[in-house]
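For reference, start10.csv (CSV, C-alpha atoms and all ligand atoms):
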chain,number,residue,atom,x,y,z
A,1245,MET,CA,-227.3,16.3,68.3
A,1246,ARG,CA,-226.5,12.6,67.6
A,1247,ILE,CA,-226.5,11.1,64.2
A,1248,ASP,CA,-226.3,7.3,63.6
A,1249,ILE,CA,-225.4,6.3,60.1
A,1250,ILE,CA,-226.2,2.8,58.8
A,1251,THR,CA,-224.0,1.8,55.9
A,1252,LEU,CA,-222.4,-1.0,54.1
A,1253,LEU,CA,-219.3,1.2,53.4
A,1254,PRO,CA,-218.3,3.1,56.5
A,1255,GLU,CA,-214.9,3.9,55.0
A,1256,LEU,CA,-216.6,5.9,52.3
A,1257,ILE,CA,-218.2,8.3,54.7
A,1258,LYS,CA,-215.6,8.8,57.4
A,1259,SER,CA,-213.4,11.6,55.9
A,1260,PRO,CA,-216.0,14.4,55.6
A,1261,PHE,CA,-216.3,14.2,59.4
A,1262,GLU,CA,-212.5,14.4,59.9
A,1263,ALA,CA,-212.0,17.9,58.5
A,1264,SER,CA,-213.1,21.5,58.8
A,1265,ILE,CA,-216.5,22.5,60.1
A,1266,LEU,CA,-217.9,19.0,60.8
A,1267,LYS,CA,-214.8,18.0,62.7
A,1268,ARG,CA,-215.0,21.2,64.7
A,1269,GLY,CA,-218.7,20.5,65.6
A,1270,ILE,CA,-217.7,17.0,66.8
A,1271,GLU,CA,-214.7,18.2,68.7
A,1272,LYS,CA,-216.8,20.9,70.5
A,1273,GLY,CA,-219.2,18.2,71.6
A,1274,ILE,CA,-222.1,19.8,69.7
A,1275,VAL,CA,-222.7,16.8,67.5
A,1276,GLU,CA,-221.8,13.1,67.7
A,1277,VAL,CA,-221.7,11.0,64.5
A,1278,HIS,CA,-221.6,7.2,64.8
A,1279,MET,CA,-221.1,4.8,61.8
A,1280,HIS,CA,-222.7,1.4,62.0
A,1281,ASP,CA,-221.5,-1.3,59.5
A,1282,LEU,CA,-224.6,-3.2,58.5
A,1283,ARG,CA,-222.4,-6.1,57.5
A,1284,HIS,CA,-222.0,-6.8,61.3
A,1285,TYR,CA,-225.7,-7.6,61.3
A,1286,GLY,CA,-225.6,-9.8,58.2
A,1287,LEU,CA,-227.2,-13.2,58.1
A,1288,ASN,CA,-225.5,-16.6,58.1
A,1289,LYS,CA,-221.8,-17.3,57.9
A,1290,TYR,CA,-221.5,-15.0,54.9
A,1291,ASN,CA,-222.9,-12.0,56.8
A,1292,GLN,CA,-225.4,-11.7,54.0
A,1293,VAL,CA,-227.2,-8.4,53.7
A,1294,ASP,CA,-228.8,-8.5,50.3
A,1295,ASP,CA,-230.7,-10.9,48.1
A,1296,TYR,CA,-232.3,-11.3,44.6
A,1297,GLN,CA,-235.5,-9.4,44.1
A,1298,TYR,CA,-238.8,-11.2,44.0
A,1299,GLY,CA,-240.4,-11.1,40.6
A,1300,GLY,CA,-237.0,-11.1,38.9
A,1301,GLY,CA,-234.9,-8.3,37.5
A,1302,ALA,CA,-231.3,-7.1,37.7
A,1303,GLY,CA,-229.8,-5.9,41.0
A,1304,MET,CA,-229.8,-7.0,44.6
A,1305,VAL,CA,-232.1,-5.7,47.3
A,1306,MET,CA,-231.0,-5.0,50.9
A,1307,MET,CA,-232.9,-7.4,53.2
A,1308,ILE,CA,-235.1,-6.3,56.0
A,1309,GLU,CA,-233.7,-8.4,58.8
A,1310,PRO,CA,-230.2,-7.0,59.3
A,1311,ILE,CA,-231.6,-3.5,59.1
A,1312,ASP,CA,-234.4,-4.3,61.5
A,1313,ARG,CA,-232.0,-5.7,64.1
A,1314,LEU,CA,-229.6,-2.8,63.8
A,1315,ILE,CA,-232.3,-0.2,64.1
A,1316,GLN,CA,-233.9,-2.0,67.1
A,1317,ASP,CA,-230.5,-2.0,68.9
A,1318,LEU,CA,-230.2,1.7,68.3
A,1319,LYS,CA,-233.8,2.4,69.4
A,1320,ALA,CA,-233.2,0.4,72.6
A,1321,GLU,CA,-230.7,3.0,73.7
A,1322,ARG,CA,-232.6,6.2,72.9
A,1323,ASP,CA,-235.6,7.7,71.0
A,1324,TYR,CA,-235.0,9.0,67.5
A,1325,ASP,CA,-236.7,12.0,65.9
A,1326,GLU,CA,-236.3,10.7,62.4
A,1327,VAL,CA,-235.2,7.6,60.5
A,1328,ILE,CA,-234.0,9.1,57.2
A,1329,TYR,CA,-233.5,6.9,54.1
A,1330,MET,CA,-231.1,8.3,51.4
A,1331,THR,CA,-232.7,7.5,48.0
A,1332,PRO,CA,-232.9,9.1,44.6
A,1333,ASP,CA,-236.7,8.9,44.8
A,1334,GLY,CA,-236.9,10.8,48.1
A,1335,GLU,CA,-237.8,14.5,48.6
A,1336,THR,CA,-235.1,16.7,47.2
A,1337,LEU,CA,-232.9,18.2,49.9
A,1338,ASN,CA,-233.1,22.0,50.3
A,1339,GLN,CA,-232.3,24.6,52.9
A,1340,GLY,CA,-235.7,24.3,54.6
A,1341,ILE,CA,-235.2,20.6,55.2
A,1342,ALA,CA,-231.7,21.2,56.5
A,1343,ASN,CA,-233.0,23.9,58.9
A,1344,GLN,CA,-235.8,21.6,60.2
A,1345,LEU,CA,-233.4,18.7,60.8
A,1346,SER,CA,-230.8,21.0,62.5
A,1347,LEU,CA,-233.3,21.4,65.4
A,1348,LYS,CA,-233.6,17.6,66.0
A,1349,GLU,CA,-231.9,15.7,68.8
A,1350,ASN,CA,-231.3,12.1,67.4
A,1351,LEU,CA,-231.3,11.1,63.8
A,1352,ILE,CA,-230.7,7.7,62.0
A,1353,ILE,CA,-229.6,7.9,58.4
A,1354,LEU,CA,-229.9,4.7,56.4
A,1355,CYS,CA,-227.7,4.5,53.2
A,1356,GLY,CA,-229.1,2.3,50.4
A,1357,HIS,CA,-227.1,0.3,48.0
A,1358,TYR,CA,-227.7,-1.8,44.8
A,1359,LYS,CA,-231.4,-1.6,44.1
A,1360,GLY,CA,-232.1,-0.2,47.5
A,1361,VAL,CA,-233.8,-1.6,50.6
A,1362,ASP,CA,-236.8,-4.0,50.7
A,1363,GLN,CA,-239.9,-1.8,50.6
A,1364,ARG,CA,-241.0,-3.1,54.0
A,1365,VAL,CA,-238.0,-1.3,55.6
A,1366,ARG,CA,-239.4,2.0,54.2
A,1367,ASP,CA,-242.9,1.2,55.3
A,1368,LEU,CA,-242.0,0.1,58.8
A,1369,PHE,CA,-239.0,2.2,60.0
A,1370,VAL,CA,-238.3,5.1,57.6
A,1371,THR,CA,-239.9,8.5,58.5
A,1372,LYS,CA,-238.2,10.7,55.9
A,1373,GLU,CA,-236.8,9.9,52.5
A,1374,ILE,CA,-234.2,12.3,51.1
A,1375,SER,CA,-232.6,12.7,47.7
A,1376,ILE,CA,-229.7,15.1,47.1
A,1377,GLY,CA,-230.6,15.6,43.5
A,1378,ASP,CA,-232.0,14.2,40.3
A,1379,TYR,CA,-229.1,11.8,39.5
A,1380,VAL,CA,-228.3,8.3,40.8
A,1381,LEU,CA,-225.3,7.7,43.0
A,1382,SER,CA,-223.8,4.3,43.7
A,1383,GLY,CA,-225.1,4.4,47.2
A,1384,GLY,CA,-226.5,6.7,49.9
A,1385,GLU,CA,-223.2,7.4,51.6
A,1386,LEU,CA,-222.2,10.5,49.7
A,1387,GLY,CA,-225.7,11.8,50.0
A,1388,ALA,CA,-225.7,11.2,53.7
A,1389,ALA,CA,-222.4,13.2,54.0
A,1390,VAL,CA,-224.0,16.1,52.0
A,1391,LEU,CA,-227.0,16.0,54.3
A,1392,CYS,CA,-224.9,15.9,57.5
A,1393,ASP,CA,-222.8,18.8,56.3
A,1394,ALA,CA,-225.9,20.9,55.4
A,1395,VAL,CA,-227.5,20.2,58.8
A,1396,ILE,CA,-224.5,20.3,61.2
A,1397,ARG,CA,-223.2,23.7,60.1
A,1398,LEU,CA,-226.6,25.2,61.1
A,1399,ILE,CA,-226.4,24.0,64.7
A,1400,PRO,CA,-225.7,27.0,66.9
A,1401,GLY,CA,-222.0,27.0,68.0
A,1402,VAL,CA,-220.7,24.9,65.1
A,1403,ILE,CA,-219.7,27.9,63.0
A,1404,SER,CA,-218.1,30.5,65.2
A,1405,ASP,CA,-219.4,33.4,63.3
A,1406,GLU,CA,-223.0,32.4,63.4
A,1407,THR,CA,-224.1,35.2,61.0
A,1408,SER,CA,-222.1,33.5,58.4
A,1409,ALA,CA,-224.4,30.5,58.2
A,1410,LEU,CA,-227.4,32.9,58.2
A,1411,THR,CA,-226.1,34.8,55.2
A,1412,ASP,CA,-225.4,31.7,53.0
A,1413,SER,CA,-227.1,31.3,49.7
A,1414,HIS,CA,-230.6,29.9,50.1
A,1415,GLN,CA,-230.9,30.7,53.7
A,1416,ASP,CA,-233.2,33.7,53.0
A,1417,GLY,CA,-234.6,32.3,49.8
A,1418,LEU,CA,-232.0,34.2,47.6
A,1419,LEU,CA,-228.6,33.3,46.3
A,1420,ALA,CA,-225.7,35.1,48.1
A,1421,PRO,CA,-224.3,38.3,46.7
A,1422,PRO,CA,-220.8,38.5,45.3
A,1423,VAL,CA,-218.0,38.8,47.8
A,1424,TYR,CA,-214.5,40.4,47.5
A,1425,THR,CA,-211.3,40.5,49.5
A,1426,ARG,CA,-207.9,42.2,49.1
A,1427,PRO,CA,-206.4,43.6,47.0
A,1428,ALA,CA,-208.9,46.4,46.1
A,1429,GLU,CA,-207.6,46.2,42.5
A,1430,TYR,CA,-206.1,43.2,40.7
A,1431,LYS,CA,-205.0,43.4,37.0
A,1432,GLY,CA,-207.3,46.3,36.5
A,1433,LEU,CA,-210.3,44.6,38.1
A,1434,LYS,CA,-211.7,46.8,40.8
A,1435,VAL,CA,-213.8,45.9,43.9
A,1436,PRO,CA,-217.1,47.7,43.7
A,1437,GLU,CA,-216.6,51.2,45.2
A,1438,ILE,CA,-219.6,50.9,47.6
A,1439,LEU,CA,-217.9,48.1,49.5
A,1440,LEU,CA,-214.9,50.4,50.3
A,1441,SER,CA,-217.2,53.3,51.4
A,1442,GLY,CA,-217.7,52.3,55.0
A,1443,HIS,CA,-221.5,53.0,54.8
A,1444,ALA,CA,-222.9,49.9,56.5
A,1445,GLY,CA,-226.5,50.7,55.5
A,1446,ARG,CA,-225.8,51.3,51.8
A,1447,ILE,CA,-223.5,48.3,51.7
A,1448,GLU,CA,-226.4,46.1,53.1
A,1449,GLU,CA,-228.8,47.6,50.5
A,1450,TRP,CA,-226.3,46.9,47.7
A,1451,ARG,CA,-225.9,43.3,48.9
A,1452,GLU,CA,-229.6,42.8,48.9
A,1453,GLU,CA,-229.9,44.2,45.4
A,1454,GLN,CA,-227.1,42.0,44.1
A,1455,ALA,CA,-228.6,38.9,45.8
A,1456,PHE,CA,-231.9,39.6,44.1
A,1457,GLU,CA,-230.4,40.3,40.7
A,1458,ARG,CA,-228.2,37.2,40.8
A,1459,THR,CA,-231.2,35.1,41.9
A,1460,LYS,CA,-233.4,36.6,39.1
A,1461,LYS,CA,-230.7,35.8,36.5
A,1462,ARG,CA,-229.6,32.3,37.7
A,1463,ARG,CA,-232.5,30.9,39.6
A,1464,PRO,CA,-235.7,32.6,38.6
A,1465,ASP,CA,-237.6,29.6,39.9
A,1466,MET,CA,-236.6,30.6,43.4
A,1467,LEU,CA,-238.5,33.9,43.0
A,1468,LYS,CA,-241.8,32.3,42.0
A,1469,ASP,CA,-243.3,32.5,45.6
B,1,LIG,N1,-228.7,7.2,46.6
B,1,LIG,C1,-228.5,7.0,45.2
B,1,LIG,N2,-228.7,8.2,44.6
B,1,LIG,C2,-229.1,9.1,45.5
B,1,LIG,C3,-229.4,10.4,45.5
B,1,LIG,N3,-229.5,11.1,44.4
B,1,LIG,N4,-229.7,11.1,46.7
B,1,LIG,C4,-229.6,10.4,47.8
B,1,LIG,N5,-229.3,9.1,47.9
B,1,LIG,C5,-229.0,8.4,46.8
Would you mind giving the structure from this file in structure tokens?
Amino acid sequence: MRIDIITLLPELIKSPFEASILKRGIEKGIVEVHMHDLRHYGLNKYNQVDDYQYGGGAGMVMMIEPIDRLIQDLKAERDYDEVIYMTPDGETLNQGIANQLSLKENLIILCGHYKGVDQRVRDLFVTKEISIGDYVLSGGELGAAVLCDAVIRLIPGVISDETSALTDSHQDGLLAPPVYTRPAEYKGLKVPEILLSGHAGRIEEWREEQAFERTKKRRPDMLKD
């Protein structure tokens, strides 16, 4: 997979790709992530990328021309499956969206700033609009990092123990069950007996039960369907 991220703040989004699972995915050659500084496509001698909004109102709007030129340069090199715009008024990210995107080959992620991008960018180029939750961030970069993490860890080979990604919370529509490691007892707190029993079948049953109970208690909305 190849991901091209269009941003005004490349330094804000570099570090998530330099550690842990994302780094490993890149080092293994399973995923390539390229940052593109939109400022390099800015207009005039100020490299202008934004302007006042028509009709008045507080906040600048990102202009169409720099974004258009950058996207055309990228599209001249390869086809893209999706051009994703990170925005608080997009579809809320969930595991299903992450699963779908993990199957794609080439993605562009556009990070908004200020009041966002000129509507014509969305009408012309954007194929998917994603929010990471009902709150407003200062820009799309942190959202893009969240999206990339959720997607990249699902690509086969990125996580060595592949069953681990499959047993995550949300992957099967339930929250994950509680987990324990050594010691078997700490300050009087014991690990549930069943987990020490060695009965793989019963342990699996217990985990399913716990996952269901936890979901019912914490996220009953997930059980509606
Ligand atoms: N940009 C600003 N807020 C955002 C959000 N909640 N999700 C994605 N991108 C954003």
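Near ligand LIG 1 (chain B), at a distance of at most 7 Å and with only C-alpha atoms and all ligand atoms counted, sit the residues A:Met1330, A:Thr1331, A:Pro1332, A:Gly1356, A:Ile1374, A:Ser1375, A:Ile1376, A:Gly1377, A:Asp1378, A:Tyr1379, A:Val1380, A:Leu1381, A:Ser1382, A:Gly1383, A:Gly1384, A:Gly1387.
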Pick from A:Leu1314, A:Ile1352, A:Ile1403, A:Met1304, whichever lies nearest to His1284 in chain A using only C-alpha atoms: A:Leu1314
Å distance separating CA of Ser1413 in chain A from CA of Ile1265 in chain A, one decimal place: 17.3 Å
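For the residues A:Ala1428, A:Val1423, A:Leu1467, A:Val1293, ranking by smallest atom-to-atom distance to Val1305 in chain A using only C-alpha atoms places A:Val1293 first.
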Nearby residues (only C-alpha atoms) at most 9 Å from His1280 in chain A, same-chain spacing under 2 positions excluded, as number ranges by chain: A: 1248-1252, 1254, 1278, 1282-1284, 1314
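With CA of Thr1459 in chain A on one side and CA of Leu1391 in chain A on the other, the separation reads 23.2 Å.
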Adding 4 Å on each side of the box along x, y and z that holds all listed atoms of range 1255-1267 of chain A, could you give its centre and edge lengths in Å to one decimal, as lines of an AutoDock Vina configuration file?
center_x = -215.1
center_y = 13.2
center_z = 57.5
size_x = 14.2
size_y = 26.6
size_z = 18.4
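Using only C-alpha atoms, the smallest distance between any of A:Arg1366, A:Arg1397, A:Lys1359, A:Lys1289 and Arg1268 in chain A comes from A:Arg1397.
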Coordinates-based distance that separates CA of Gln1339 in chain A from CA of Arg1451 in chain A (Å, one decimal): 20.2 Å
Within 9 Å of range 1367-1370 of chain A using all atoms listed in the file, minus same-chain residues under 6 positions, as a PyMOL selection string: chain A and resi 1312+1315+1326-1329+1354
